[in-house]
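Asks: Just upload27.tsv, nothing more (TSV, C-alpha atoms and all ligand atoms):
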```tsv
chain	number	residue	atom	x	y	z
U	1156	MET	CA	0.00	0.00	0.00
U	1157	ILE	CA	1.15	3.54	-0.68
U	1158	ARG	CA	1.14	5.29	2.66
U	1159	ALA	CA	2.98	7.78	4.85
U	1160	LEU	CA	6.38	6.70	6.07
U	1161	ASP	CA	7.71	7.43	9.56
U	1162	LEU	CA	11.49	7.29	9.73
U	1163	GLY	CA	13.32	8.30	12.87
U	1164	GLY	CA	10.83	10.99	13.86
U	1165	LYS	CA	10.23	12.36	10.36
U	1166	THR	CA	7.07	11.67	8.41
U	1167	PHE	CA	7.13	11.46	4.63
U	1168	PRO	CA	3.83	11.54	2.69
U	1169	VAL	CA	4.66	8.48	0.56
U	1170	ASN	CA	6.70	5.30	1.08
U	1171	LEU	CA	8.51	5.22	-2.27
U	1172	ILE	CA	12.15	6.30	-2.35
U	1173	GLN	CA	14.70	6.98	-5.10
U	1174	GLY	CA	17.85	5.05	-4.18
U	1175	PRO	CA	21.55	5.80	-4.59
U	1176	LEU	CA	23.24	5.22	-7.95
U	1177	ALA	CA	26.93	6.03	-8.28
U	1178	GLY	CA	27.61	8.29	-11.25
U	1179	VAL	CA	23.93	9.25	-11.54
U	1180	SER	CA	22.44	10.48	-8.25
U	1181	CYS	CA	23.75	14.05	-8.26
U	1182	ALA	CA	21.62	17.15	-7.65
U	1183	PRO	CA	20.31	17.54	-11.26
U	1184	PHE	CA	19.06	13.93	-11.30
U	1185	ARG	CA	17.47	14.31	-7.87
U	1186	MET	CA	15.83	17.63	-8.87
U	1187	LEU	CA	14.17	15.97	-11.86
U	1188	THR	CA	13.10	13.03	-9.70
U	1189	TRP	CA	11.57	15.46	-7.22
U	1190	GLN	CA	9.83	17.56	-9.86
U	1191	TYR	CA	8.27	14.60	-11.70
U	1192	GLY	CA	8.17	11.80	-9.12
U	1193	ARG	CA	7.86	13.35	-5.62
U	1194	PRO	CA	9.53	10.44	-3.74
U	1195	ALA	CA	9.71	10.40	0.06
U	1196	TYR	CA	13.36	11.26	-0.47
U	1197	SER	CA	16.22	10.72	-2.92
U	1198	CYS	CA	19.73	9.54	-2.11
U	1199	THR	CA	23.08	10.92	-3.07
U	1200	GLU	CA	25.45	8.44	-4.61
U	1201	MET	CA	27.82	6.74	-2.17
U	1202	ILE	CA	30.30	9.31	-0.84
U	1203	SER	CA	33.63	8.09	0.44
U	1204	CYS	CA	34.34	9.77	3.78
U	1205	LYS	CA	37.96	10.16	2.71
U	1206	THR	CA	36.85	12.17	-0.34
U	1207	LEU	CA	34.61	14.26	1.85
U	1208	LEU	CA	37.25	15.03	4.46
U	1209	HIS	CA	40.43	15.23	2.40
U	1210	GLN	CA	39.72	16.08	-1.24
U	1211	PRO	CA	39.63	19.70	-2.50
U	1212	ASP	CA	36.34	21.51	-2.65
U	1213	TRP	CA	35.86	21.21	-6.41
U	1214	VAL	CA	36.05	17.39	-6.23
U	1215	GLN	CA	33.43	17.32	-3.50
U	1216	GLN	CA	30.86	19.57	-5.18
U	1217	ARG	CA	29.44	16.77	-7.29
U	1218	PHE	CA	28.72	14.76	-4.16
U	1219	ILE	CA	27.65	17.30	-1.59
U	1220	ARG	CA	25.78	20.00	-3.49
U	1221	LYS	CA	22.11	20.07	-2.54
U	1222	HIS	CA	19.91	22.28	-4.70
U	1223	ALA	CA	17.27	24.63	-3.28
U	1224	GLU	CA	14.68	23.05	-5.61
U	1225	GLU	CA	15.19	19.51	-4.37
U	1226	GLY	CA	13.05	17.52	-1.99
U	1227	PRO	CA	14.49	15.65	1.00
U	1228	VAL	CA	17.94	14.15	0.42
U	1229	CYS	CA	19.63	11.25	2.15
U	1230	PHE	CA	23.42	11.48	2.03
U	1231	GLN	CA	25.00	8.04	1.77
U	1232	LEU	CA	28.44	7.62	3.34
U	1233	ALA	CA	31.01	4.84	2.97
U	1234	SER	CA	33.62	4.20	5.62
U	1235	SER	CA	35.05	1.58	7.95
U	1236	ASP	CA	36.43	4.10	10.43
U	1237	PRO	CA	34.04	5.36	13.14
U	1238	LEU	CA	36.00	8.58	13.80
U	1239	GLU	CA	36.13	9.48	10.14
U	1240	LEU	CA	32.46	8.62	9.74
U	1241	ALA	CA	31.50	10.74	12.74
U	1242	GLU	CA	33.22	13.76	11.19
U	1243	ALA	CA	31.70	13.09	7.76
U	1244	THR	CA	28.24	12.71	9.30
U	1245	ARG	CA	28.60	16.16	10.88
U	1246	ARG	CA	29.76	17.56	7.54
U	1247	VAL	CA	26.84	16.24	5.50
U	1248	THR	CA	24.41	17.34	8.19
U	1249	ASP	CA	25.82	20.86	7.79
U	1250	CYS	CA	25.40	20.51	4.01
U	1251	GLY	CA	21.66	19.98	4.50
U	1252	ALA	CA	21.28	16.19	4.72
U	1253	ASP	CA	17.70	15.31	5.69
U	1254	LEU	CA	18.76	11.72	6.44
U	1255	VAL	CA	22.15	9.97	6.59
U	1256	ASP	CA	22.78	6.42	5.38
U	1257	LEU	CA	25.71	4.07	5.79
U	1258	ASN	CA	26.64	1.97	2.78
U	1259	GLY	CA	26.76	-1.65	3.91
U	1260	GLY	CA	26.22	-3.24	0.51
U	1261	CYS	CA	28.77	-2.05	-2.04
U	1262	PRO	CA	30.31	-5.12	-3.72
U	1263	VAL	CA	33.21	-3.25	-5.40
U	1264	LYS	CA	36.60	-4.75	-4.53
U	1265	LYS	CA	38.26	-1.36	-3.84
U	1266	ILE	CA	35.62	-0.60	-1.19
U	1267	ARG	CA	35.40	-4.10	0.32
U	1268	SER	CA	39.17	-4.40	0.62
U	1269	LYS	CA	39.11	-1.37	2.95
U	1270	GLY	CA	36.49	-3.12	5.08
U	1271	ALA	CA	33.70	-0.79	3.91
U	1272	GLY	CA	30.51	-1.42	1.87
U	1273	SER	CA	29.40	-5.06	2.00
U	1274	GLY	CA	32.67	-5.82	3.83
U	1275	LEU	CA	30.92	-4.47	6.94
U	1276	LEU	CA	28.37	-7.27	6.95
U	1277	THR	CA	30.89	-9.72	8.38
U	1278	GLU	CA	32.18	-7.20	10.94
U	1279	PRO	CA	29.31	-6.79	13.43
U	1280	LEU	CA	31.34	-4.90	16.03
U	1281	LYS	CA	32.59	-2.42	13.41
U	1282	LEU	CA	29.06	-2.01	12.09
U	1283	TYR	CA	27.85	-1.29	15.62
U	1284	GLN	CA	30.57	1.33	16.14
U	1285	LEU	CA	29.84	2.99	12.80
U	1286	ILE	CA	26.09	3.26	13.31
U	1287	SER	CA	26.61	4.56	16.85
U	1288	ALA	CA	29.07	7.18	15.55
U	1289	MET	CA	26.51	8.42	13.03
U	1290	LYS	CA	23.73	8.54	15.60
U	1291	LYS	CA	25.85	10.63	17.95
U	1292	ASN	CA	26.74	13.15	15.26
U	1293	THR	CA	23.48	14.01	13.57
U	1294	PRO	CA	19.94	14.78	14.70
U	1295	GLN	CA	18.69	13.38	11.37
U	1296	PRO	CA	17.36	9.84	10.87
U	1297	VAL	CA	20.16	7.32	10.35
U	1298	SER	CA	19.89	4.20	8.17
U	1299	VAL	CA	22.05	1.38	6.85
U	1300	LYS	CA	21.68	-0.08	3.37
U	1301	ILE	CA	22.70	-3.72	3.25
U	1302	ARG	CA	22.74	-6.71	0.94
U	1303	VAL	CA	21.42	-10.09	2.11
U	1304	GLU	CA	23.25	-13.23	3.09
U	1305	GLY	CA	20.62	-15.82	2.17
U	1306	ARG	CA	19.59	-18.55	4.59
U	1307	ASN	CA	22.35	-18.09	7.13
U	1308	GLU	CA	20.13	-17.67	10.22
U	1309	LYS	CA	22.99	-16.98	12.63
U	1310	PHE	CA	24.45	-14.31	10.37
U	1311	ASN	CA	21.09	-12.60	9.86
U	1312	ALA	CA	20.22	-12.76	13.56
U	1313	GLU	CA	23.52	-11.09	14.42
U	1314	LEU	CA	22.87	-8.31	11.90
U	1315	VAL	CA	19.40	-7.70	13.35
U	1316	LYS	CA	20.87	-7.46	16.86
U	1317	VAL	CA	23.69	-5.09	15.90
U	1318	ILE	CA	21.51	-2.79	13.80
U	1319	SER	CA	18.89	-2.55	16.56
U	1320	GLU	CA	21.31	-2.09	19.45
U	1321	ALA	CA	23.37	0.54	17.64
U	1322	GLY	CA	20.21	2.61	17.24
U	1323	ALA	CA	19.69	2.76	13.47
U	1324	ASP	CA	16.34	4.40	12.75
U	1325	PHE	CA	15.60	2.16	9.78
U	1326	LEU	CA	17.15	-0.40	7.46
U	1327	VAL	CA	17.28	-0.61	3.67
U	1328	VAL	CA	17.69	-4.13	2.27
U	1329	HIS	CA	18.74	-4.87	-1.30
U	1330	GLY	CA	17.68	-8.50	-1.72
U	1331	ARG	CA	20.85	-9.84	-3.30
U	1332	HIS	CA	24.09	-11.24	-1.96
U	1333	TRP	CA	27.10	-9.02	-2.63
U	1334	THR	CA	28.49	-11.66	-5.02
U	1335	GLU	CA	25.30	-11.68	-7.09
U	1336	HIS	CA	24.78	-9.69	-10.25
U	1337	TYR	CA	21.53	-8.32	-11.61
U	1338	GLU	CA	20.75	-11.53	-13.53
U	1339	THR	CA	19.99	-13.13	-10.16
U	1340	PRO	CA	16.50	-12.10	-9.12
U	1341	CYS	CA	15.98	-10.19	-5.89
U	1342	ARG	CA	15.27	-12.48	-2.88
U	1343	HIS	CA	12.06	-11.18	-1.38
U	1344	GLU	CA	12.02	-13.84	1.36
U	1345	ALA	CA	15.41	-12.58	2.61
U	1346	ILE	CA	13.99	-9.05	2.87
U	1347	GLN	CA	10.96	-10.43	4.70
U	1348	TYR	CA	13.28	-11.95	7.31
U	1349	PHE	CA	14.40	-8.46	8.35
U	1350	VAL	CA	10.83	-7.12	8.25
U	1351	GLU	CA	9.78	-9.86	10.66
U	1352	HIS	CA	12.74	-9.63	13.02
U	1353	LEU	CA	13.32	-5.89	13.33
U	1354	LYS	CA	11.20	-3.37	15.23
U	1355	ILE	CA	12.46	-0.45	13.10
U	1356	PRO	CA	11.05	0.15	9.58
U	1357	VAL	CA	12.55	-1.88	6.75
U	1358	ILE	CA	12.73	-0.56	3.19
U	1359	GLY	CA	12.76	-3.24	0.49
U	1360	ASN	CA	14.91	-2.78	-2.61
U	1361	GLY	CA	15.53	-4.75	-5.79
U	1362	ASP	CA	14.04	-5.10	-9.28
U	1363	ILE	CA	11.12	-2.69	-8.89
U	1364	ALA	CA	10.18	-1.32	-12.28
U	1365	CYS	CA	6.40	-1.71	-12.61
U	1366	LEU	CA	3.20	-2.16	-10.62
U	1367	ALA	CA	3.58	-5.97	-10.33
U	1368	SER	CA	7.15	-5.75	-8.99
U	1369	LEU	CA	6.11	-3.01	-6.56
U	1370	LYS	CA	3.24	-5.14	-5.23
U	1371	LYS	CA	5.56	-8.14	-4.85
U	1372	MET	CA	7.96	-6.08	-2.76
U	1373	LEU	CA	5.19	-4.57	-0.61
U	1374	ALA	CA	3.93	-8.11	0.05
U	1375	THR	CA	7.09	-8.69	2.16
U	1376	GLY	CA	5.48	-6.33	4.69
U	1377	CYS	CA	8.21	-3.71	4.22
U	1378	ALA	CA	7.33	-0.18	5.34
U	1379	GLY	CA	8.59	1.34	2.12
U	1380	VAL	CA	10.23	0.60	-1.18
U	1381	MET	CA	13.42	1.93	-2.75
U	1382	ILE	CA	13.73	2.15	-6.51
U	1383	GLY	CA	17.14	2.14	-8.16
U	1384	ARG	CA	17.79	1.72	-11.88
U	1385	ALA	CA	14.19	2.04	-13.03
U	1386	GLY	CA	14.06	5.64	-11.79
U	1387	VAL	CA	16.83	6.71	-14.18
U	1388	GLY	CA	15.49	8.12	-17.43
U	1389	GLN	CA	11.92	8.14	-16.11
U	1390	PRO	CA	11.86	10.53	-13.16
U	1391	TRP	CA	8.05	10.34	-13.17
U	1392	LEU	CA	8.07	6.62	-12.31
U	1393	ILE	CA	7.13	7.07	-8.65
U	1394	GLN	CA	4.06	9.16	-9.56
U	1395	GLN	CA	3.16	6.58	-12.21
U	1396	LEU	CA	3.36	3.76	-9.65
U	1397	ILE	CA	1.29	5.72	-7.14
U	1398	ALA	CA	-1.37	6.40	-9.77
U	1399	GLU	CA	-1.44	2.76	-10.86
U	1400	MET	CA	-1.67	1.54	-7.26
U	1401	GLU	CA	-4.68	3.81	-6.82
U	1402	GLY	CA	-6.27	2.65	-10.08
U	1403	ARG	CA	-5.77	5.98	-11.82
U	1404	VAL	CA	-4.58	6.34	-15.40
U	1405	PHE	CA	-1.14	7.91	-15.69
U	1406	THR	CA	-0.07	9.69	-18.85
U	1407	ARG	CA	3.64	9.33	-19.42
U	1408	PRO	CA	5.55	12.30	-20.85
U	1409	SER	CA	5.77	12.39	-24.65
U	1410	LEU	CA	8.89	11.21	-26.44
U	1411	GLU	CA	9.86	14.82	-27.07
U	1412	GLU	CA	9.53	15.63	-23.39
U	1413	VAL	CA	11.75	12.65	-22.45
U	1414	GLY	CA	14.43	14.05	-24.76
U	1415	SER	CA	14.18	17.46	-23.16
U	1416	ILE	CA	14.35	15.92	-19.64
U	1417	PHE	CA	17.54	14.10	-20.68
U	1418	LEU	CA	19.03	17.35	-21.95
U	1419	ARG	CA	18.04	19.20	-18.80
U	1420	HIS	CA	19.73	16.51	-16.70
U	1421	ILE	CA	23.00	16.96	-18.58
U	1422	GLU	CA	22.83	20.77	-18.95
U	1423	GLU	CA	22.15	21.20	-15.22
U	1424	LEU	CA	25.06	18.89	-14.49
U	1425	ALA	CA	27.36	20.99	-16.70
U	1426	ALA	CA	26.22	24.12	-14.86
U	1427	LEU	CA	26.63	22.50	-11.43
U	1428	LEU	CA	30.15	21.32	-12.13
U	1429	GLU	CA	31.05	24.19	-14.44
U	1430	CYS	CA	32.37	21.49	-16.75
U	1431	GLU	CA	30.62	20.67	-20.03
U	1432	LYS	CA	33.06	17.88	-20.86
U	1433	PHE	CA	32.39	15.92	-17.68
U	1434	ALA	CA	28.62	16.35	-18.04
U	1435	VAL	CA	28.69	15.03	-21.61
U	1436	LEU	CA	30.72	12.03	-20.44
U	1437	GLN	CA	28.02	11.39	-17.82
U	1438	ALA	CA	25.43	11.54	-20.60
U	1439	ARG	CA	27.00	8.35	-21.97
U	1440	LYS	CA	26.26	6.62	-18.69
U	1441	VAL	CA	22.58	7.51	-18.60
U	1442	ALA	CA	21.76	7.41	-22.33
U	1443	LYS	CA	20.67	3.75	-22.20
U	1444	TYR	CA	18.08	4.65	-19.56
U	1445	TYR	CA	16.66	7.74	-21.30
U	1446	GLY	CA	16.76	5.82	-24.57
U	1447	ARG	CA	14.31	3.14	-23.30
U	1448	PRO	CA	11.33	4.41	-25.35
U	1449	LEU	CA	13.33	4.69	-28.59
U	1450	SER	CA	13.03	2.09	-31.30
U	1451	LYS	CA	16.61	2.99	-32.30
U	1452	ARG	CA	17.93	2.93	-28.75
U	1453	GLY	CA	21.23	1.23	-29.66
U	1454	GLU	CA	21.96	3.71	-32.42
U	1455	PHE	CA	21.07	6.61	-30.09
U	1456	CYS	CA	23.49	5.33	-27.43
U	1457	ASP	CA	26.24	4.89	-30.03
U	1458	LYS	CA	25.81	8.52	-31.07
U	1459	VAL	CA	25.87	9.77	-27.46
U	1460	ASN	CA	28.98	7.67	-26.82
U	1461	VAL	CA	30.99	9.64	-29.35
U	1462	CYS	CA	29.47	13.02	-28.61
U	1463	THR	CA	31.82	15.55	-27.01
U	1464	ASP	CA	29.79	18.70	-26.39
U	1465	LEU	CA	26.34	19.93	-25.42
U	1466	GLU	CA	25.59	21.27	-28.87
U	1467	GLY	CA	26.19	17.80	-30.31
U	1468	LEU	CA	23.99	16.26	-27.64
U	1469	GLN	CA	21.16	18.69	-28.43
U	1470	ALA	CA	21.36	17.74	-32.11
U	1471	ILE	CA	21.23	14.01	-31.25
U	1472	CYS	CA	18.18	14.55	-29.05
U	1473	ARG	CA	16.42	16.57	-31.75
U	1474	ARG	CA	16.99	13.71	-34.18
U	1475	TYR	CA	15.99	10.77	-32.00
U	1476	PHE	CA	13.33	12.20	-29.71
U	1477	THR	CA	11.37	14.15	-32.31
U	1478	ASP	CA	12.08	12.76	-35.78
U	1479	GLN	CA	10.67	9.27	-35.39
U	1501	LIG	C1	25.05	2.13	-11.69
U	1501	LIG	C2	24.69	1.77	-10.27
U	1501	LIG	C3	25.24	2.47	-9.23
U	1501	LIG	C4	24.91	2.14	-7.89
U	1501	LIG	N1	25.44	2.89	-6.88
U	1501	LIG	C5	25.08	2.64	-5.60
U	1501	LIG	C6	25.56	3.46	-4.54
U	1501	LIG	O1	26.31	4.43	-4.73
U	1501	LIG	N2	25.17	3.13	-3.28
U	1501	LIG	C7	24.33	2.06	-3.02
U	1501	LIG	O2	23.99	1.80	-1.86
U	1501	LIG	N3	23.85	1.30	-4.01
U	1501	LIG	C8	24.20	1.57	-5.28
U	1501	LIG	N4	23.67	0.81	-6.29
U	1501	LIG	C9	22.66	-0.21	-5.98
U	1501	LIG	C10	21.25	0.39	-6.09
U	1501	LIG	O3	21.05	1.44	-5.18
U	1501	LIG	C11	20.18	-0.69	-5.80
U	1501	LIG	O4	20.40	-1.21	-4.51
U	1501	LIG	C12	20.22	-1.82	-6.80
U	1501	LIG	O5	20.41	-1.35	-8.12
U	1501	LIG	C13	18.94	-2.66	-6.76
U	1501	LIG	O6	17.82	-1.86	-7.00
U	1501	LIG	P1	17.10	-1.79	-8.47
U	1501	LIG	O7	16.88	-3.20	-8.90
U	1501	LIG	O8	15.86	-1.02	-8.23
U	1501	LIG	O9	18.09	-1.09	-9.38
U	1501	LIG	C14	24.01	1.08	-7.62
U	1501	LIG	C15	23.47	0.36	-8.69
U	1501	LIG	C16	23.79	0.68	-9.99
U	1501	LIG	C17	23.17	-0.10	-11.13
```
Kindly present the structure from the file in structure tokens form.
Ligand SMILES: Cc1cc2nc3c(=O)[nH]c(=O)nc-3n(C[C@H](O)[C@H](O)[C@H](O)COP(=O)(O)O)c2cc1C

Replies:
Amino acid sequence: MIRALDLGGKTFPVNLIQGPLAGVSCAPFRMLTWQYGRPAYSCTEMISCKTLLHQPDWVQQRFIRKHAEEGPVCFQLASSDPLELAEATRRVTDCGADLVDLNGGCPVKKIRSKGAGSGLLTEPLKLYQLISAMKKNTPQPVSVKIRVEGRNEKFNAELVKVISEAGADFLVVHGRHWTEHYETPCRHEAIQYFVEHLKIPVIGNGDIACLASLKKMLATGCAGVMIGRAGVGQPWLIQQLIAEMEGRVFTRPSLEEVGSIFLRHIEELAALLECEKFAVLQARKVAKYYGRPLSKRGEFCDKVNVCTDLEGLQAICRRYFTDQ
């Protein structure tokens, strides 16, 4: 059911969330998601605490900039050091974080080898110290986003204990093991385990892209649902899902409008970073998502992949999103 969501003392009008996506979830993406989708909140991409505390200001802007026209934002931090995380939590709170999340699911070797991301799942004491450090350093709701372990009861029971005792306000569960790729379907029963064993709200995440997949996730009993990939290129998705849940007809934006949303995403990114080149490189990353409604999606992506400036990108969009 679509309903209000209470997380650590804050109430959000809906229980659908736009999740973190590295290389995508910057302020321009979140602004579009807010304008068209009105999620409970959107996440930043994972921010390394080392980047936040030690890199020059211009490197950090992409991660920490929150726009005045955005809705609530959850800043997601990655660390395995409680002191560093405490400092970073203070920093993002000062930057306007409405919620703060700890990444406990990243499968990337570089992150795991430092004991962060999904590496934390086998370090319960460290996880406890990290969550406690966040709680002490922000008045905002604190969450952890984890992957699942499968049927290992002892492992799961330990996680439940640590997350509760450390005082996390809620938990986000992506229903895959850290070794699993997207071909492996999300394990709803593993998410349900946490719903049934935790007193705090659990947000279910994995493979939600349509009404049927949303209903399947809500059937786990989770308090809310986080959408990842499906929200890219269709920032209206959350409003579409809400309408469909309520039996209302939703009119998707026209092809032309999708093209102009894509351009706005990239142009706003260029303005935010004061760097057209970087923004156009990012366009290559998101083209496959915005290109979903195109019959010539592959050709469109090929063209974006060799495009080097905004003018070129505008011409590509004119051709593919209007001339069909
Ligand atoms: C390109 C990409 C980047 C991601 N970056 C992050 C990240 O920075 N932090 C995080 O917790 N999860 C990240 N994820 C995982 C998603 O947030 C989400 O948990 C996962 O994609 C499953 O949800 P979905 O099936 O709705 O996409 C990323 C996933 C993708 C595909």

Asks: Can you pull out the residues contacting Leu1238 of chain U? Cut-off 10 Å, using all atoms listed in the file, and skip same-chain residues under 5 positions away; I want them as a CSV table (one decimal) with C-alpha atoms, keeping the file's coordinate frame.

Replies:
```
chain,number,residue,atom,x,y,z
U,1243,ALA,CA,31.7,13.1,7.8
U,1244,THR,CA,28.2,12.7,9.3
U,1284,GLN,CA,30.6,1.3,16.1
U,1285,LEU,CA,29.8,3.0,12.8
U,1288,ALA,CA,29.1,7.2,15.6
U,1289,MET,CA,26.5,8.4,13.0
```

Asks: Given a cut-off of 9 Å, what residues near ligand LIG 1501 (chain U) show up using all atoms listed in the file, put as a PDB file with C-alpha atoms, in the frame of the given file?

Replies:
```
ATOM      1  CA  GLN U1173      14.700   6.980  -5.100  1.00  0.00           C
ATOM      2  CA  GLY U1174      17.850   5.050  -4.180  1.00  0.00           C
ATOM      3  CA  PRO U1175      21.550   5.800  -4.590  1.00  0.00           C
ATOM      4  CA  LEU U1176      23.240   5.220  -7.950  1.00  0.00           C
ATOM      5  CA  ALA U1177      26.930   6.030  -8.280  1.00  0.00           C
ATOM      6  CA  GLY U1178      27.610   8.290 -11.250  1.00  0.00           C
ATOM      7  CA  VAL U1179      23.930   9.250 -11.540  1.00  0.00           C
ATOM      8  CA  SER U1180      22.440  10.480  -8.250  1.00  0.00           C
ATOM      9  CA  CYS U1198      19.730   9.540  -2.110  1.00  0.00           C
ATOM     10  CA  THR U1199      23.080  10.920  -3.070  1.00  0.00           C
ATOM     11  CA  GLU U1200      25.450   8.440  -4.610  1.00  0.00           C
ATOM     12  CA  MET U1201      27.820   6.740  -2.170  1.00  0.00           C
ATOM     13  CA  ILE U1202      30.300   9.310  -0.840  1.00  0.00           C
ATOM     14  CA  GLN U1231      25.000   8.040   1.770  1.00  0.00           C
ATOM     15  CA  LEU U1232      28.440   7.620   3.340  1.00  0.00           C
ATOM     16  CA  ALA U1233      31.010   4.840   2.970  1.00  0.00           C
ATOM     17  CA  ASP U1256      22.780   6.420   5.380  1.00  0.00           C
ATOM     18  CA  LEU U1257      25.710   4.070   5.790  1.00  0.00           C
ATOM     19  CA  ASN U1258      26.640   1.970   2.780  1.00  0.00           C
ATOM     20  CA  GLY U1259      26.760  -1.650   3.910  1.00  0.00           C
ATOM     21  CA  GLY U1260      26.220  -3.240   0.510  1.00  0.00           C
ATOM     22  CA  CYS U1261      28.770  -2.050  -2.040  1.00  0.00           C
ATOM     23  CA  GLY U1272      30.510  -1.420   1.870  1.00  0.00           C
ATOM     24  CA  VAL U1299      22.050   1.380   6.850  1.00  0.00           C
ATOM     25  CA  LYS U1300      21.680  -0.080   3.370  1.00  0.00           C
ATOM     26  CA  ILE U1301      22.700  -3.720   3.250  1.00  0.00           C
ATOM     27  CA  ARG U1302      22.740  -6.710   0.940  1.00  0.00           C
ATOM     28  CA  VAL U1327      17.280  -0.610   3.670  1.00  0.00           C
ATOM     29  CA  VAL U1328      17.690  -4.130   2.270  1.00  0.00           C
ATOM     30  CA  HIS U1329      18.740  -4.870  -1.300  1.00  0.00           C
ATOM     31  CA  GLY U1330      17.680  -8.500  -1.720  1.00  0.00           C
ATOM     32  CA  ARG U1331      20.850  -9.840  -3.300  1.00  0.00           C
ATOM     33  CA  TYR U1337      21.530  -8.320 -11.610  1.00  0.00           C
ATOM     34  CA  PRO U1340      16.500 -12.100  -9.120  1.00  0.00           C
ATOM     35  CA  CYS U1341      15.980 -10.190  -5.890  1.00  0.00           C
ATOM     36  CA  ASN U1360      14.910  -2.780  -2.610  1.00  0.00           C
ATOM     37  CA  GLY U1361      15.530  -4.750  -5.790  1.00  0.00           C
ATOM     38  CA  ASP U1362      14.040  -5.100  -9.280  1.00  0.00           C
ATOM     39  CA  ILE U1363      11.120  -2.690  -8.890  1.00  0.00           C
ATOM     40  CA  ALA U1364      10.180  -1.320 -12.280  1.00  0.00           C
ATOM     41  CA  MET U1381      13.420   1.930  -2.750  1.00  0.00           C
ATOM     42  CA  ILE U1382      13.730   2.150  -6.510  1.00  0.00           C
ATOM     43  CA  GLY U1383      17.140   2.140  -8.160  1.00  0.00           C
ATOM     44  CA  ARG U1384      17.790   1.720 -11.880  1.00  0.00           C
ATOM     45  CA  ALA U1385      14.190   2.040 -13.030  1.00  0.00           C
ATOM     46  CA  GLY U1386      14.060   5.640 -11.790  1.00  0.00           C
ATOM     47  CA  LYS U1440      26.260   6.620 -18.690  1.00  0.00           C
TER      48      LYS U1440
END
```

Asks: Between U:Thr1477, U:Gln1395, U:Asn1292, U:Ser1319, which one has atoms that come closest to Cys1365 of chain U, using all atoms listed in the file?

Replies: U:Gln1395

Asks: Smallest atom-to-atom distance to Thr1293 of chain U: which of U:Glu1224, U:Glu1422, U:Gly1163, U:Tyr1348, using all atoms listed in the file?

Replies: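 Distance minimum relative to Thr1293 of chain U lands on U:Gly1163.
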
Asks: Excluding same-chain residues fewer than 3 positions from Arg1193 of chain U, what lies within 8 Å of it counting only C-alpha atoms, as a ChimeraX atom specification?

Replies: /U:1188-1190,1196,1226,1393-1394

Asks: Just the number, please: distance in Å from atom CA of Gly1270 of chain U to atom CA of Ser1235 of chain U, one decimal.

Replies: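 Here the two named atoms are 5.7 Å from each other.
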
Asks: As a list of chain:residue names, please: the residues near segment 1448-1459 of chain U (cut-off 7 Å, all atoms listed in the file, same-chain neighbours under 4 positions excluded).

Replies: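 Returned residues: U:Arg1439, U:Ala1442, U:Lys1443, U:Leu1468, U:Tyr1475.
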
Asks: So how far away is atom CA of Asn1170 of chain U from atom CA of Ala1438 of chain U, in Å?

Replies: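 Value for the atom CA of Ala1438 of chain U-atom CA of Asn1170 of chain U distance: 29.3 Å.
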
Asks: Fewer than 5 positions away in the same chain doesn't count, so skip those; otherwise give me all residues within 8 Å of segment 1396-1407 of chain U, counting all atoms listed in the file, as a list in words.

Replies: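 The contact residues come out as Met1156, Ile1157, Cys1365, Leu1366, Leu1369 and Trp1391 of chain U.
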
Asks: Could you work out how far atom CA of Arg1217 of chain U lies from atom CA of Leu1427 of chain U, giving the answer in Å with one decimal?

Replies: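 Taking atom CA of Leu1427 of chain U and atom CA of Arg1217 of chain U, their separation equals 7.6 Å.
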
Asks: Reconstruct N, CA and C atoms of segment 1362-1370 of chain U; output as a CSV table (one decimal), in the coordinates of the input.

Replies:
```csv
chain,number,residue,atom,x,y,z
U,1362,ASP,N,14.8,-4.7,-8.1
U,1362,ASP,CA,14.0,-5.1,-9.3
U,1362,ASP,C,12.7,-4.5,-9.4
U,1363,ILE,N,12.4,-3.3,-8.8
U,1363,ILE,CA,11.1,-2.7,-8.9
U,1363,ILE,C,11.1,-1.8,-10.1
U,1364,ALA,N,10.2,-2.1,-11.0
U,1364,ALA,CA,10.2,-1.3,-12.3
U,1364,ALA,C,8.8,-1.1,-12.8
U,1365,CYS,N,7.8,-1.8,-12.1
U,1365,CYS,CA,6.4,-1.7,-12.6
U,1365,CYS,C,5.5,-2.0,-11.4
U,1366,LEU,N,4.2,-1.9,-11.7
U,1366,LEU,CA,3.2,-2.2,-10.6
U,1366,LEU,C,3.3,-3.6,-10.0
U,1367,ALA,N,3.5,-4.6,-10.8
U,1367,ALA,CA,3.6,-6.0,-10.3
U,1367,ALA,C,4.8,-6.1,-9.4
U,1368,SER,N,5.9,-5.6,-9.8
U,1368,SER,CA,7.2,-5.8,-9.0
U,1368,SER,C,7.0,-4.9,-7.7
U,1369,LEU,N,6.3,-3.8,-7.8
U,1369,LEU,CA,6.1,-3.0,-6.6
U,1369,LEU,C,5.2,-3.8,-5.6
U,1370,LYS,N,4.2,-4.4,-6.1
U,1370,LYS,CA,3.2,-5.1,-5.2
U,1370,LYS,C,4.0,-6.3,-4.6
```
